[in-house]
$ cat target-v7.cif   # mmCIF, C-alpha atoms
data_start
loop_
_atom_site.group_PDB
_atom_site.id
_atom_site.type_symbol
_atom_site.label_atom_id
_atom_site.label_comp_id
_atom_site.auth_asym_id
_atom_site.auth_seq_id
_atom_site.Cartn_x
_atom_site.Cartn_y
_atom_site.Cartn_z
ATOM 1 C CA MET A 3 -7.226 9.195 49.332
ATOM 2 C CA ASP A 4 -7.037 6.370 46.825
ATOM 3 C CA ALA A 5 -5.144 6.821 43.598
ATOM 4 C CA PRO A 6 -7.036 7.239 40.363
ATOM 5 C CA THR A 7 -8.008 4.031 38.659
ATOM 6 C CA PRO A 8 -8.132 4.088 34.874
ATOM 7 C CA PRO A 9 -11.613 3.738 33.405
ATOM 8 C CA THR A 10 -12.921 0.356 32.398
ATOM 9 C CA GLN A 11 -12.280 -0.231 28.713
ATOM 10 C CA PRO A 12 -12.798 -3.177 26.380
ATOM 11 C CA THR A 13 -9.726 -5.143 25.367
ATOM 12 C CA ALA A 14 -10.015 -6.148 21.741
ATOM 13 C CA GLY A 15 -12.602 -8.824 22.379
ATOM 14 C CA GLY A 16 -10.443 -10.758 24.829
ATOM 15 C CA GLU A 17 -8.314 -12.328 22.103
ATOM 16 C CA VAL A 18 -5.170 -10.531 23.243
ATOM 17 C CA GLY A 19 -2.910 -11.978 25.918
ATOM 18 C CA ALA A 20 -3.196 -14.813 28.360
ATOM 19 C CA PRO A 21 -6.518 -16.091 29.648
ATOM 20 C CA ALA A 22 -7.641 -14.628 32.938
ATOM 21 C CA GLY A 23 -6.865 -16.589 36.060
ATOM 22 C CA ALA A 24 -9.508 -17.748 38.490
ATOM 23 C CA ASP A 25 -9.335 -14.294 40.102
ATOM 24 C CA GLY A 26 -10.162 -12.553 36.796
ATOM 25 C CA ILE A 27 -6.682 -11.011 36.432
ATOM 26 C CA ARG A 28 -5.006 -11.255 33.062
ATOM 27 C CA ILE A 29 -1.920 -9.684 31.516
ATOM 28 C CA ASP A 30 -2.071 -8.414 27.917
ATOM 29 C CA GLN A 31 0.730 -7.026 25.795
ATOM 30 C CA VAL A 32 -0.075 -3.520 24.580
ATOM 31 C CA THR A 33 -1.133 -3.496 20.928
ATOM 32 C CA ALA A 34 -2.725 -0.795 18.772
ATOM 33 C CA ALA A 35 -6.138 -1.893 20.064
ATOM 34 C CA LEU A 36 -4.990 -1.330 23.645
ATOM 35 C CA LEU A 37 -3.019 1.872 23.092
ATOM 36 C CA PRO A 38 -5.790 4.239 24.298
ATOM 37 C CA THR A 39 -6.146 2.135 27.432
ATOM 38 C CA TYR A 40 -2.388 2.163 27.999
ATOM 39 C CA ARG A 41 -2.339 5.956 27.573
ATOM 40 C CA ASP A 42 -5.027 6.305 30.261
ATOM 41 C CA VAL A 43 -3.183 3.911 32.595
ATOM 42 C CA ARG A 44 0.096 5.765 32.115
ATOM 43 C CA ILE A 45 -1.556 9.089 32.914
ATOM 44 C CA ALA A 46 -3.247 7.578 35.995
ATOM 45 C CA ALA A 47 0.137 6.226 37.131
ATOM 46 C CA LEU A 48 1.758 9.635 36.742
ATOM 47 C CA ILE A 49 -1.020 11.273 38.765
ATOM 48 C CA ASP A 50 -0.849 8.600 41.460
ATOM 49 C CA SER A 51 2.936 8.268 41.739
ATOM 50 C CA PRO A 52 4.518 11.368 40.190
ATOM 51 C CA ARG A 53 7.875 10.841 41.935
ATOM 52 C CA ALA A 54 8.308 7.292 40.626
ATOM 53 C CA PHE A 55 8.799 7.938 36.914
ATOM 54 C CA TRP A 56 11.269 9.755 34.685
ATOM 55 C CA SER A 57 8.461 11.440 32.777
ATOM 56 C CA THR A 58 5.763 13.695 34.174
ATOM 57 C CA TYR A 59 2.010 13.974 33.910
ATOM 58 C CA GLU A 60 2.428 17.194 31.928
ATOM 59 C CA GLN A 61 4.685 15.442 29.403
ATOM 60 C CA ALA A 62 2.237 12.543 29.000
ATOM 61 C CA ARG A 63 -0.765 14.839 28.585
ATOM 62 C CA ALA A 64 1.108 16.821 25.909
ATOM 63 C CA ARG A 65 1.609 13.738 23.727
ATOM 64 C CA THR A 66 -0.522 13.616 20.605
ATOM 65 C CA ASP A 67 -2.206 10.498 19.270
ATOM 66 C CA ASP A 68 0.661 10.278 16.767
ATOM 67 C CA ASP A 69 3.167 10.422 19.650
ATOM 68 C CA TRP A 70 1.397 7.546 21.407
ATOM 69 C CA ALA A 71 1.309 5.541 18.140
ATOM 70 C CA ALA A 72 5.052 6.136 17.665
ATOM 71 C CA PHE A 73 5.574 4.948 21.237
ATOM 72 C CA LEU A 74 3.923 1.656 20.352
ATOM 73 C CA GLU A 75 6.123 1.238 17.283
ATOM 74 C CA THR A 76 9.475 2.282 18.745
ATOM 75 C CA GLY A 77 9.057 2.285 22.520
ATOM 76 C CA PRO A 78 9.318 -0.420 25.115
ATOM 77 C CA ARG A 79 7.493 -3.717 24.988
ATOM 78 C CA THR A 80 4.676 -3.039 27.434
ATOM 79 C CA TRP A 81 1.970 -5.011 29.234
ATOM 80 C CA LEU A 82 -1.241 -4.127 31.020
ATOM 81 C CA ALA A 83 -2.863 -6.015 33.871
ATOM 82 C CA PHE A 84 -6.648 -6.230 33.816
ATOM 83 C CA ASP A 85 -9.072 -7.136 36.583
ATOM 84 C CA GLY A 86 -11.950 -8.214 34.399
ATOM 85 C CA ALA A 87 -12.274 -5.319 31.949
ATOM 86 C CA ARG A 88 -10.646 -2.752 34.261
ATOM 87 C CA PRO A 89 -6.955 -1.976 33.657
ATOM 88 C CA VAL A 90 -5.084 -2.064 36.982
ATOM 89 C CA GLY A 91 -1.369 -2.044 36.201
ATOM 90 C CA THR A 92 1.441 -1.806 33.702
ATOM 91 C CA VAL A 93 5.091 -2.695 33.161
ATOM 92 C CA GLY A 94 7.520 -2.460 30.255
ATOM 93 C CA LEU A 95 10.893 -3.643 28.984
ATOM 94 C CA TRP A 96 13.235 -1.239 27.239
ATOM 95 C CA ARG A 97 16.795 -1.435 25.921
ATOM 96 C CA GLY A 98 18.608 1.874 26.085
ATOM 97 C CA GLU A 99 21.166 3.116 23.618
ATOM 98 C CA GLY A 100 24.479 1.404 24.311
ATOM 99 C CA GLN A 101 22.911 -1.148 26.638
ATOM 100 C CA PRO A 102 24.361 -4.652 26.125
ATOM 101 C CA GLU A 103 22.291 -7.056 24.019
ATOM 102 C CA ASP A 104 22.006 -9.490 26.936
ATOM 103 C CA GLU A 105 20.567 -6.813 29.269
ATOM 104 C CA ILE A 106 17.230 -4.997 29.355
ATOM 105 C CA THR A 107 15.592 -2.457 31.650
ATOM 106 C CA LEU A 108 12.302 -2.990 33.460
ATOM 107 C CA ILE A 109 10.407 0.314 33.329
ATOM 108 C CA GLY A 110 7.037 1.901 33.970
ATOM 109 C CA MET A 111 5.990 -0.495 36.742
ATOM 110 C CA TRP A 112 2.752 0.584 38.418
ATOM 111 C CA VAL A 113 -0.366 -0.975 39.904
ATOM 112 C CA ALA A 114 -3.566 0.766 40.953
ATOM 113 C CA SER A 115 -4.171 1.131 44.672
ATOM 114 C CA VAL A 116 -7.149 -1.249 44.474
ATOM 115 C CA VAL A 117 -4.787 -4.162 43.715
ATOM 116 C CA ARG A 118 -1.739 -3.202 45.766
ATOM 117 C CA GLY A 119 -0.937 -5.945 48.219
ATOM 118 C CA THR A 120 -2.222 -8.634 45.839
ATOM 119 C CA ASP A 121 -0.034 -10.563 43.400
ATOM 120 C CA VAL A 122 -0.786 -8.290 40.412
ATOM 121 C CA ALA A 123 2.579 -6.492 40.588
ATOM 122 C CA GLU A 124 4.430 -9.790 40.807
ATOM 123 C CA ARG A 125 2.466 -11.215 37.884
ATOM 124 C CA LEU A 126 3.326 -8.168 35.764
ATOM 125 C CA VAL A 127 7.025 -8.403 36.601
ATOM 126 C CA ARG A 128 7.116 -12.172 36.081
ATOM 127 C CA THR A 129 5.495 -11.685 32.645
ATOM 128 C CA ALA A 130 8.225 -9.209 31.713
ATOM 129 C CA LEU A 131 10.983 -11.453 33.126
ATOM 130 C CA ARG A 132 9.664 -14.441 31.167
ATOM 131 C CA ALA A 133 9.641 -12.364 27.951
ATOM 132 C CA ALA A 134 13.189 -11.178 28.647
ATOM 133 C CA SER A 135 14.382 -14.721 29.299
ATOM 134 C CA ASP A 136 12.631 -16.010 26.161
ATOM 135 C CA ALA A 137 14.499 -13.311 24.193
ATOM 136 C CA GLY A 138 17.845 -14.536 25.514
ATOM 137 C CA VAL A 139 18.364 -11.681 27.956
ATOM 138 C CA ARG A 140 20.709 -12.498 30.832
ATOM 139 C CA ARG A 141 20.290 -9.438 33.073
ATOM 140 C CA VAL A 142 17.295 -7.270 33.892
ATOM 141 C CA VAL A 143 17.975 -3.902 35.502
ATOM 142 C CA LEU A 144 15.623 -1.312 36.936
ATOM 143 C CA ASP A 145 15.833 1.967 38.810
ATOM 144 C CA VAL A 146 13.879 2.505 42.016
ATOM 145 C CA ALA A 147 13.610 5.698 44.051
ATOM 146 C CA HIS A 148 15.272 5.497 47.442
ATOM 147 C CA GLU A 149 12.118 6.932 49.012
ATOM 148 C CA ASN A 150 9.937 4.125 47.610
ATOM 149 C CA VAL A 151 10.391 1.626 50.437
ATOM 150 C CA ARG A 152 7.535 -0.589 49.291
ATOM 151 C CA ALA A 153 9.029 -0.982 45.797
ATOM 152 C CA TRP A 154 12.477 -1.703 47.276
ATOM 153 C CA ALA A 155 11.013 -4.521 49.372
ATOM 154 C CA PHE A 156 9.028 -5.885 46.423
ATOM 155 C CA TYR A 157 11.972 -5.980 44.003
ATOM 156 C CA SER A 158 14.270 -7.437 46.670
ATOM 157 C CA ARG A 159 11.757 -10.209 47.373
ATOM 158 C CA ILE A 160 11.735 -11.123 43.661
ATOM 159 C CA GLY A 161 15.534 -11.303 43.648
ATOM 160 C CA PHE A 162 16.711 -7.921 42.378
ATOM 161 C CA ARG A 163 19.839 -6.607 44.129
ATOM 162 C CA PRO A 164 21.217 -3.048 44.272
ATOM 163 C CA THR A 165 24.200 -2.314 42.037
ATOM 164 C CA GLY A 166 25.322 0.837 43.826
ATOM 165 C CA GLU A 167 24.691 2.995 40.742
ATOM 166 C CA VAL A 168 22.701 6.074 41.837
ATOM 167 C CA ASN A 169 21.035 8.677 39.602
ATOM 168 C CA SER A 170 18.679 11.610 40.085
ATOM 169 C CA MET A 171 15.319 12.182 38.484
ATOM 170 C CA PRO A 172 15.571 14.685 35.604
ATOM 171 C CA TRP A 173 12.701 16.790 36.951
ATOM 172 C CA ASP A 174 14.047 16.947 40.564
ATOM 173 C CA PRO A 175 17.682 16.160 41.425
ATOM 174 C CA ALA A 176 16.682 15.722 45.077
ATOM 175 C CA VAL A 177 14.838 12.513 44.151
ATOM 176 C CA THR A 178 17.480 9.825 43.845
ATOM 177 C CA GLU A 179 17.094 6.300 42.644
ATOM 178 C CA GLU A 180 19.339 3.297 42.619
ATOM 179 C CA GLN A 181 19.774 0.673 39.975
ATOM 180 C CA MET A 182 18.873 -2.910 40.881
ATOM 181 C CA VAL A 183 19.738 -6.009 38.841
ATOM 182 C CA LEU A 184 18.442 -9.538 38.473
ATOM 183 C CA ASP A 185 20.620 -12.190 36.850
ATOM 184 C CA LEU A 186 18.189 -14.417 34.929
ATOM 185 C CA THR A 187 20.810 -17.134 34.445
ATOM 186 C CA ALA A 188 21.036 -17.605 38.217
ATOM 187 C CA ARG A 189 17.292 -18.364 38.317
ATOM 188 C CA SER A 190 17.495 -21.379 36.006
#

$ encode --input "target-v7.cif" --output "C-alpha cells"
Amino acid sequence: MDAPTPPTQPTAGGEVGAPAGADGIRIDQVTAALLPTYRDVRIAALIDSPRAFWSTYEQARARTDDDWAAFLETGPRTWLAFDGARPVGTVGLWRGEGQPEDEITLIGMWVASVVRGTDVAERLVRTALRAASDAGVRRVVLDVAHENVRAWAFYSRIGFRPTGEVNSMPWDPAVTEEQMVLDLTARS
C-alpha cells in the first residue's frame, strides 16, 4: 500500500523558492503562506513513516494553529519539495541547545512514495546542505534509525558517516538510531 501523499495545494503564486526544474520539481523554504501545506506534509510523513521521527502523529495532530505558527517562528529552517503543485517531501535544519555554532542537525527528512527512487530526496538534502554551508556551518549531523536501511544507504552515498553515537526514540526505546556526520569543509 502506498503512503499517503499530501493534497495538492497552491504555493503563494509561485514566487517562493527556486524555479522548477525541467521535471517540474522545485524546493521552497517554508513561509507563513506554506505553513498549512507543511503541516499536512508533516502529518502525512508521520502516518507513512511513524518509526522514523522523534515526534508522533498524535503529537502533530494535537498542535493548534498557534503551535504551528510558533514552529515557523522558532523552529527549524524547513523546505518543501513540490512536483508541480503537489508537495512531495520535506527536510529541515535545526540547532539544538548546546550544539556548537559550526554544527547543525538535518531533521524531518521525508519524501512521498510517489517520488522515492528519484532525485527528490537528494535535492532536498543538497538544498539544506547549501544553506548550512552558506551560513558558515562546518558539520551537519543527523540521526537515522538502524532499521531504515534505505536511509542509511542514501545518507552514506551523499557522504555522511556514522559517529558511533546511538540513541533510542523517546516513544519506543527498542527503536535505536545512530548519528551520522558530514564535514562540509571536506567537500570544498

$ atom_distance --input "target-v7.cif" --atom1 "CA of His148 in chain A" --atom2 "CA of Asp174 in chain A"
13.4 Å

$ atom_distance --input "target-v7.cif" --atom1 "CA of Leu184 in chain A" --atom2 "CA of Asp30 in chain A"
23.1 Å

$ resolve_selection --input "target-v7.cif" --expression "the PyMOL selection byres ((chain A and resi 49) around 10)" --output "VMD selection string"
chain A and resid 5 to 6 43 to 48 50 to 53 58 to 60

$ closest_residue --input "target-v7.cif" --among "A:Pro172, A:Gly161, A:Asp136, A:Ala155" --to "Ser57 in chain A" --atoms "all atoms listed in the file"
A:Pro172

$ closest_residue --input "target-v7.cif" --among "A:Ile29, A:Ala71, A:Ala54, A:Met182" --to "Thr129 in chain A" --atoms "only C-alpha atoms"
A:Ile29

$ resolve_selection --input "target-v7.cif" --expression "the PyMOL selection byres ((chain A and resi 79) around 9)" --output "VMD selection string"
chain A and resid 31 to 32 74 76 to 78 80 to 81 93 to 96 130

$ atom_distance --input "target-v7.cif" --atom1 "CA of Glu149 in chain A" --atom2 "CA of Thr120 in chain A"
21.4 Å

$ residues_around --input "target-v7.cif" --residues "Leu144 in chain A" --least-positions-apart "2" --cutoff "8 Å" --atoms "all atoms listed in the file" --output "VMD selection string"
chain A and resid 107 to 109 142 146 181 to 183

$ resolve_selection --input "target-v7.cif" --expression "the PyMOL selection byres ((chain A and resi 187) around 9)" --output "list in words"
Ser135, Val139, Arg140, Arg141, Leu184, Asp185, Leu186, Ala188, Arg189 and Ser190 of chain A

$ closest_residue --input "target-v7.cif" --among "A:Arg128, A:Arg28, A:Ser170, A:Arg159" --to "Ala87 in chain A" --atoms "all atoms listed in the file"
A:Arg28

$ closest_residue --input "target-v7.cif" --among "A:Thr92, A:Ala176, A:Gln101, A:Arg41" --to "Thr66 in chain A" --atoms "only C-alpha atoms"
A:Arg41

$ axis_aligned_box --input "target-v7.cif" --around "range 144-152 of chain A" --padding-each-side "8 Å" --output "lines of an AutoDock Vina configuration file"
center_x = 11.7
center_y = 2.8
center_z = 43.7
size_x = 24.3
size_y = 24.2
size_z = 29.5

$ closest_residue --input "target-v7.cif" --among "A:Val168, A:Val90, A:Ala123, A:Val117" --to "Asp42 in chain A" --atoms "all atoms listed in the file"
A:Val90
